[in-house]
Structures are given as structure tokens and as C-alpha cells.
>>> print(open('upload_8.txt').read())   # compact mmCIF, C-alpha atoms
# COMPACT_ATOMS: atom_id res chain seq x y z
CA MET W 1 15.32 28.18 -27.51
CA ALA W 2 14.92 26.92 -23.97
CA THR W 3 18.01 26.60 -21.90
CA MET W 4 18.44 24.14 -19.09
CA SER W 5 19.71 25.43 -15.79
CA PRO W 6 21.54 23.24 -13.31
CA ASP W 7 18.38 23.29 -11.22
CA ASP W 8 16.31 21.90 -14.10
CA ASP W 9 18.85 19.17 -14.55
CA GLU W 10 18.72 18.30 -10.90
CA VAL W 11 14.92 18.23 -10.85
CA ARG W 12 14.85 15.97 -13.90
CA MET W 13 17.40 13.65 -12.36
CA ASP W 14 15.33 13.47 -9.18
CA ALA W 15 12.24 12.57 -11.18
CA GLN W 16 14.13 9.74 -12.85
CA GLN W 17 15.41 8.53 -9.51
CA GLU W 18 11.96 8.68 -7.98
CA ALA W 19 10.56 6.65 -10.87
CA GLY W 20 13.30 4.18 -10.04
CA VAL W 21 11.99 3.94 -6.48
CA ASP W 22 8.53 3.03 -7.79
CA GLU W 23 10.07 0.44 -10.04
CA ARG W 24 11.81 -1.17 -7.09
CA LEU W 25 8.61 -1.03 -5.09
CA GLY W 26 7.00 -2.85 -7.98
CA THR W 27 9.46 -5.70 -7.55
CA LEU W 28 8.22 -6.12 -3.98
CA LEU W 29 4.66 -6.38 -5.25
CA ASP W 30 5.80 -8.83 -7.93
CA ALA W 31 7.39 -10.93 -5.20
CA ILE W 32 4.11 -11.03 -3.27
CA GLU W 33 2.23 -11.94 -6.42
CA GLY W 34 4.57 -14.90 -6.78
CA GLU W 35 3.78 -16.16 -3.30
CA ARG W 36 1.19 -18.82 -2.62
CA VAL W 37 -2.05 -17.30 -1.36
CA PRO W 38 -3.35 -18.90 1.85
CA GLU W 39 -6.54 -20.90 1.37
CA ARG W 40 -8.35 -18.92 4.07
CA LEU W 41 -7.86 -15.71 2.09
CA LEU W 42 -8.96 -17.31 -1.18
CA LYS W 43 -12.17 -18.57 0.41
CA LEU W 44 -12.97 -15.18 1.91
CA ALA W 45 -12.25 -13.44 -1.40
CA GLU W 46 -14.64 -15.81 -3.17
CA MET W 47 -17.27 -15.23 -0.48
CA LEU W 48 -16.94 -11.49 -0.94
CA GLN W 49 -17.24 -11.86 -4.70
CA ASP W 50 -20.38 -13.97 -4.25
CA GLU W 51 -21.88 -11.32 -1.99
CA LEU W 52 -21.09 -8.60 -4.52
CA SER W 53 -22.62 -10.63 -7.33
CA LEU W 54 -25.76 -11.32 -5.29
CA ARG W 55 -26.12 -7.68 -4.46
CA ARG W 56 -25.71 -6.73 -8.09
CA GLN W 57 -28.37 -9.25 -9.11
CA ARG W 58 -30.79 -7.94 -6.50
CA ARG W 59 -30.34 -4.40 -7.74
CA ARG W 60 -30.60 -5.34 -11.42
CA PRO W 61 -32.98 -8.29 -11.57
CA ASN W 62 -33.13 -8.15 -15.39
CA MET U 1 0.59 -10.17 -15.61
CA LYS U 2 -0.13 -7.02 -17.52
CA ARG U 3 0.18 -3.49 -16.24
CA ILE U 4 -2.60 -1.21 -17.44
CA PRO U 5 -3.62 2.30 -16.45
CA ALA U 6 -6.49 2.20 -13.99
CA LYS U 7 -9.62 4.27 -14.40
CA GLY U 8 -9.31 7.73 -12.91
CA GLN U 9 -5.67 7.33 -12.06
CA SER U 10 -3.23 10.18 -12.12
CA ALA U 11 -0.24 8.33 -10.78
CA GLY U 12 1.30 5.09 -11.90
CA VAL U 13 -0.42 1.94 -13.04
CA ILE U 14 -2.37 -0.82 -11.44
CA ASP U 15 -1.63 -4.48 -11.84
CA VAL U 16 -4.47 -6.51 -13.24
CA ASN U 17 -4.30 -10.15 -14.04
CA VAL U 18 -6.15 -9.92 -17.32
CA ASN U 19 -6.35 -13.67 -17.81
CA GLU U 20 -8.17 -14.13 -14.52
CA ILE U 21 -10.61 -11.29 -15.02
CA ASP U 22 -11.33 -12.15 -18.63
CA GLY U 23 -11.76 -15.81 -17.88
CA GLN U 24 -14.99 -17.71 -17.45
CA ASN U 25 -14.85 -17.20 -13.72
CA GLY U 26 -13.98 -13.54 -14.00
CA GLU U 27 -16.61 -12.57 -11.45
CA VAL U 28 -15.13 -14.87 -8.83
CA ASP U 29 -11.51 -14.19 -9.67
CA SER U 30 -11.64 -10.41 -9.70
CA VAL U 31 -11.62 -10.19 -5.89
CA VAL U 32 -9.09 -13.00 -5.76
CA ALA U 33 -6.91 -10.93 -8.07
CA LEU U 34 -6.87 -8.16 -5.47
CA ILE U 35 -5.33 -10.38 -2.80
CA PRO U 36 -1.67 -9.59 -3.64
CA ALA U 37 -2.42 -5.86 -3.47
CA LEU U 38 -4.15 -6.34 -0.12
CA ARG U 39 -1.25 -8.42 1.21
CA ALA U 40 1.23 -5.78 0.05
CA PHE U 41 -0.69 -2.97 1.73
CA ALA U 42 -1.03 -5.05 4.90
CA ARG U 43 2.74 -5.44 5.01
CA SER U 44 3.10 -1.69 5.23
CA PHE U 45 1.40 -2.07 8.62
CA CYS U 46 2.69 -5.47 9.78
CA ARG U 47 6.18 -6.66 9.08
CA ASN U 48 5.36 -10.20 10.04
CA PRO U 49 3.72 -11.73 6.93
CA ASN U 50 1.45 -13.91 9.08
CA ASP U 51 0.19 -10.84 10.94
CA ALA U 52 -0.27 -9.12 7.59
CA ASP U 53 -2.35 -12.03 6.31
CA ASP U 54 -4.43 -11.89 9.50
CA LEU U 55 -5.09 -8.23 8.72
CA VAL U 56 -6.14 -9.15 5.16
CA GLN U 57 -8.45 -11.81 6.59
CA GLU U 58 -10.03 -9.37 9.02
CA THR U 59 -10.47 -6.87 6.20
CA LEU U 60 -12.27 -9.38 3.98
CA VAL U 61 -14.49 -10.52 6.87
CA LYS U 62 -15.46 -6.92 7.59
CA ALA U 63 -16.10 -6.26 3.91
CA ILE U 64 -18.49 -9.21 3.75
CA ALA U 65 -20.23 -8.12 6.95
CA ASN U 66 -20.58 -4.56 5.64
CA ILE U 67 -21.35 -5.33 2.03
CA ASP U 68 -24.45 -3.10 2.18
CA LYS U 69 -22.20 -0.11 2.79
CA TYR U 70 -20.28 -0.65 -0.42
CA GLU U 71 -21.41 1.87 -3.01
CA GLU U 72 -21.58 0.81 -6.63
CA GLY U 73 -19.09 2.79 -8.65
CA THR U 74 -16.58 2.93 -5.83
CA ARG U 75 -13.41 1.05 -6.64
CA LEU U 76 -13.47 -2.14 -4.63
CA LYS U 77 -9.73 -1.99 -4.10
CA SER U 78 -9.92 1.45 -2.50
CA TRP U 79 -12.85 0.41 -0.32
CA LEU U 80 -10.91 -2.61 0.93
CA PHE U 81 -7.79 -0.52 1.55
CA THR U 82 -9.87 1.89 3.61
CA ILE U 83 -11.33 -0.93 5.68
CA MET U 84 -7.86 -2.35 6.23
CA ARG U 85 -6.39 0.95 7.34
CA ASN U 86 -9.28 1.64 9.71
CA THR U 87 -9.03 -1.88 11.11
CA PHE U 88 -5.34 -1.49 11.78
CA TYR U 89 -5.59 1.90 13.47
CA THR U 90 -8.57 0.72 15.53
CA ARG U 91 -6.40 -2.14 16.77
CA ILE U 92 -3.69 0.34 17.74
CA ARG U 93 -6.14 2.56 19.60
CA VAL U 94 -7.53 -0.45 21.49
CA ALA U 95 -4.02 -1.70 22.29
CA LYS U 96 -3.07 1.74 23.60
CA ARG U 97 -6.14 1.82 25.84
CA GLU U 98 -5.46 -1.66 27.18
CA ALA U 99 -1.71 -1.14 27.67
CA PRO U 100 -1.01 2.61 27.83
CA GLY U 101 2.67 2.11 28.55
CA ASP U 102 3.19 0.01 25.48
CA ALA U 103 2.23 2.40 22.71
CA ASP U 104 4.49 0.87 20.07
CA CYS U 105 2.87 -2.48 20.59
CA VAL U 106 3.63 -4.08 17.26
CA ALA U 107 7.15 -2.74 17.18
CA SER U 108 7.84 -4.28 20.58
CA GLN U 109 6.79 -7.73 19.45
CA PRO U 110 9.42 -10.13 18.21
CA ILE U 111 9.85 -9.54 14.50
CA VAL U 112 10.19 -12.54 12.26
CA LEU U 113 11.76 -12.19 8.88
CA ALA U 114 9.52 -11.59 5.93
CA THR U 115 9.29 -14.32 3.33
CA GLN U 116 12.53 -15.27 1.69
CA GLU U 117 11.34 -14.08 -1.69
CA TRP U 118 10.41 -10.65 -0.41
CA THR U 119 13.62 -10.33 1.56
CA LEU U 120 15.95 -11.42 -1.23
CA ARG U 121 14.39 -9.40 -4.00
CA GLY U 122 13.85 -6.17 -2.20
CA GLN U 123 16.05 -6.20 0.85
CA GLU U 124 17.43 -2.70 0.48
CA VAL U 125 14.16 -1.11 -0.54
CA GLU U 126 12.26 -2.96 2.13
CA ALA U 127 14.72 -1.80 4.78
CA ALA U 128 14.33 1.77 3.56
CA ILE U 129 10.53 1.56 3.63
CA GLU U 130 10.70 0.17 7.16
CA ARG U 131 12.42 3.33 8.32
CA LEU U 132 9.73 5.66 7.03
CA SER U 133 7.10 7.01 9.38
CA PRO U 134 3.80 5.08 9.07
CA SER U 135 2.00 7.97 7.37
CA HIS U 136 4.70 8.28 4.70
CA ARG U 137 5.07 4.53 4.26
CA GLU U 138 1.39 3.97 3.55
CA VAL U 139 1.29 6.72 0.91
CA LEU U 140 4.41 5.35 -0.79
CA VAL U 141 3.00 1.83 -0.85
CA LEU U 142 -0.40 2.97 -2.09
CA ILE U 143 0.82 5.23 -4.88
CA GLY U 144 4.38 4.17 -5.61
CA MET U 145 3.82 0.44 -5.33
CA GLN U 146 0.14 -0.05 -6.10
CA GLY U 147 -0.55 2.78 -8.53
CA VAL U 148 -3.46 4.19 -6.54
CA SER U 149 -4.38 7.74 -7.60
CA TYR U 150 -3.66 10.76 -5.42
CA GLU U 151 -7.38 11.25 -4.96
CA GLU U 152 -7.98 7.69 -3.85
CA ALA U 153 -4.97 7.73 -1.54
CA ALA U 154 -6.27 10.93 0.07
CA GLU U 155 -9.63 9.28 0.64
CA ILE U 156 -8.11 6.09 2.01
CA CYS U 157 -5.77 7.98 4.36
CA GLY U 158 -8.34 10.61 5.33
CA CYS U 159 -6.22 13.61 4.39
CA ALA U 160 -5.92 16.28 1.70
CA ILE U 161 -4.50 15.56 -1.75
CA GLY U 162 -1.76 18.11 -1.13
CA THR U 163 -0.76 16.24 2.00
CA VAL U 164 -0.61 13.01 0.03
CA LYS U 165 1.61 14.57 -2.64
CA SER U 166 3.90 16.07 -0.05
CA ARG U 167 4.22 12.80 1.86
CA LEU U 168 4.86 10.89 -1.35
CA ASN U 169 7.63 13.23 -2.45
CA ARG U 170 9.28 13.12 0.92
CA ALA U 171 8.93 9.37 1.21
CA ARG U 172 10.49 8.81 -2.23
CA GLY U 173 13.25 11.24 -1.39
CA ALA U 174 13.94 9.57 1.93
CA VAL U 175 14.08 6.13 0.31
CA LEU U 176 16.50 7.42 -2.31
CA GLU U 177 18.59 8.96 0.39
CA MET U 178 18.69 5.74 2.35
CA LEU U 179 19.65 3.89 -0.81
CA GLY U 180 22.44 6.39 -1.32
CA GLU U 181 21.06 7.55 -4.65
CA ARG U 182 19.81 11.02 -3.85
CA SER U 183 21.45 14.03 -5.38
CA ALA U 184 23.43 16.10 -2.90
CA GLY U 185 21.22 19.14 -3.35
CA ALA U 186 18.13 17.29 -2.20
CA LEU U 187 19.70 15.63 0.81
CA VAL U 188 19.50 18.56 3.19
CA GLU U 189 15.72 18.92 3.18
CA SER U 190 14.91 15.23 3.40
CA SER U 191 17.44 14.49 6.11
CA GLU U 192 15.99 17.27 8.22
CA TRP U 193 12.54 15.85 7.64
CA LEU U 194 13.60 12.28 8.39
CA ALA U 195 15.09 13.29 11.72
CA GLY U 196 12.04 15.32 12.63
CA GLU U 197 9.18 13.08 11.58
CA ALA U 198 10.15 9.43 11.75
CA SER U 199 8.98 7.80 14.95
CA PRO U 200 11.68 6.20 17.13
CA SER U 201 10.47 2.76 16.18
CA GLY U 202 9.79 3.77 12.61
CA ARG U 203 6.52 1.81 12.78
CA VAL U 204 2.99 1.74 13.98
CA SER U 205 2.49 5.05 15.81
CA PRO U 206 -0.62 6.59 14.32
CA ARG U 207 -0.60 10.26 13.43
>>> encode(input="upload_8.txt", output="C-alpha cells")
Amino acid sequence: MATMSPDDDEVRMDAQQEAGVDERLGTLLDAIEGERVPERLLKLAEMLQDELSLRRQRRRPN
Amino acid sequence: MKRIPAKGQSAGVIDVNVNEIDGQNGEVDSVVALIPALRAFARSFCRNPNDADDLVQETLVKAIANIDKYEEGTRLKSWLFTIMRNTFYTRIRVAKREAPGDADCVASQPIVLATQEWTLRGQEVEAAIERLSPSHREVLVLIGMQGVSYEEAAEICGCAIGTVKSRLNRARGAVLEMLGERSAGALVESSEWLAGEASPSGRVSPR
């Protein structure tokens, strides 16, 4: 039967805490996702998507 | 919004707006869906959200101009992150050449507050991230926030996977420490590191 040393306990606690950091970081990303995207960025994103689609069509004409 | 594991990922998840990608205009919206991730990564370089959006804009313009260099099979998100990072550090190098005495150029500019939403919801975490060195901050944002894999982060940052893992662990530890949540046993190492590696401004200085 495996025993848990104080070190193991500490490592596991750190892992939980670090996962908590990522969760909090995720809330920052969620906040950005909730923001209005500037029109200039939307237009450029659509232009890039068009370019990618065109390139894909040229490479696979069928 | 649905969180799903991304292809080839070994760390975390990636956010994908399934409705947008699965919709009739999925082709158009898939790049649009990457905008929040790009804006978030840009804010690891520029605290001012307007400057960060300018960096996103420059990244997209460069991507369009260099579309022939994009290799099919490469994750678009990683390619865009790489362009953004290179664009930012090129700016810093140019700024250093033009004004050698003003190396921490962005840090010396007046800082405006980030958006209210960002500030209110993540004030403590944001403040902690701000204090990280740039090389640790970018790894934490890429992997911890965006769910990019170790491999992709190493490619984006131009360093070894081991370096990425080490920076990530230290960055997470330092953030925990700054939030007052780190176990006592782990404080010694990270506090020594924080004192030794963080730049005086905590921002901008390239490695």
C-alpha cells in the first residue's frame, strides 16, 4: 500500500494551486471574449480568412 | 462557449466557439473566433488595450501579406502568435536602436488602465502577471491561459520545451506567491528566482 509523505502532499497541493492559477487566467480570457471586437480587426480577420480560402481552392481545385 | 481539447495538445484546453465554426459562415468566422486569443496574447506585451489591438492589427496585416508562407497543417493560431511575437520584439529592437537610452520604451510610456471588465474580474491575477518577466509572462499566457501545447509554445517562443516547462512552473509559482497562496516550502525557490530574473520594469525587455 502506497504511503503519502509530506512532500507528496505538498506537491499535490501545489498542483491544485497551479491549476487554480490557470482557472483565474481563464477568467481574464473570458473577459476579453466578452468585449466588443473593433471593426478594423474583424475586417482584417475576414480578409485573412478569404485569403486562406482562396489559397486552399487554388491548391485543391476539385 | 465550449472548451474542448485541441489537437496535439498536452497542456490545458483551447476555447473554440463551436457555434461560429459550425455555422454556415464557419470558414469566415474561424479566424474571427481567434481574435480574443490574439487580443489576450497581445496584452501580455502591451498593457494598454489600444496598443494591444494595434499589435493584433499589425499581426493580421502581416499574416495576409505573408499568406504564401503559411504551411497547411500548421495551426493558424500558433502561426499568428509567432508573427505577433516577432512583430513585437522587432519593434523593441528598432526602438532600442533609435533611442538607445530608452530601452524600456513601452514601460516608460504613460500607462492607461485596461478595460474595466478586465480590471474588475482579474485585478489581482493581472497585477501578478504584470510583475513577471516578459519571457515568463508569455509562456504563462500561452499555456496557462490559452491552452497552447508545450511544443507549440516552444516553437512560438523559439526555445526548448524544457525551457518552456521550467518557465511555466516558475511563472505559476510566482503568481501564486504574489497572490499569497503558495505553500511555505515552495516560497524560497520562487522568491529567489523572482528577485533574480524579473526586469526592473517587469515588462518589455527582451531576453
>>> residues_around(input="upload_8.txt", residues="Gly26 in chain W", least_positions_apart="4", cutoff="10 Å", atoms="all atoms listed in the file", output="PyMOL selection string")
(chain W and resi 20-22+30-32) or (chain U and resi 15+122+141+144-147)
>>> write_last_selection(input="upload_8.txt", atoms="C-alpha atoms", output="mmCIF file, in the coordinates of the input")
data_model
loop_
_atom_site.group_PDB
_atom_site.id
_atom_site.type_symbol
_atom_site.label_atom_id
_atom_site.label_comp_id
_atom_site.auth_asym_id
_atom_site.auth_seq_id
_atom_site.Cartn_x
_atom_site.Cartn_y
_atom_site.Cartn_z
ATOM 1 C CA GLY W 20 13.300 4.180 -10.040
ATOM 2 C CA VAL W 21 11.990 3.940 -6.480
ATOM 3 C CA ASP W 22 8.530 3.030 -7.790
ATOM 4 C CA ASP W 30 5.800 -8.830 -7.930
ATOM 5 C CA ALA W 31 7.390 -10.930 -5.200
ATOM 6 C CA ILE W 32 4.110 -11.030 -3.270
ATOM 7 C CA ASP U 15 -1.630 -4.480 -11.840
ATOM 8 C CA GLY U 122 13.850 -6.170 -2.200
ATOM 9 C CA VAL U 141 3.000 1.830 -0.850
ATOM 10 C CA GLY U 144 4.380 4.170 -5.610
ATOM 11 C CA MET U 145 3.820 0.440 -5.330
ATOM 12 C CA GLN U 146 0.140 -0.050 -6.100
ATOM 13 C CA GLY U 147 -0.550 2.780 -8.530
#
>>> axis_aligned_box(input="upload_8.txt", around="range 28-33 of chain W", padding_each_side="8 Å", output="JSON")
{"center_x": 5.2, "center_y": -9.0, "center_z": -5.6, "size_x": 22.0, "size_y": 21.8, "size_z": 20.7}
>>> interface_residues(input="upload_8.txt", of="chain W", to="chain U", cutoff="9 Å", atoms="only C-alpha atoms", output="MDAnalysis selection string")
chainID W and resid 10 13:14 17:35 37:38 40:53 55:56
>>> atom_distance(input="upload_8.txt", atom1="CA of Val164 in chain U", atom2="CA of Pro134 in chain U")
12.8 Å
>>> atom_distance(input="upload_8.txt", atom1="CA of Thr163 in chain U", atom2="CA of Arg47 in chain U")
25.0 Å
>>> atom_distance(input="upload_8.txt", atom1="CA of Leu55 in chain U", atom2="CA of Met178 in chain U")
28.3 Å
>>> closest_residue(input="upload_8.txt", among="U:Leu38, U:Glu151, U:Cys46, U:Glu130", to="Ile92 in chain U", atoms="all atoms listed in the file")
U:Cys46
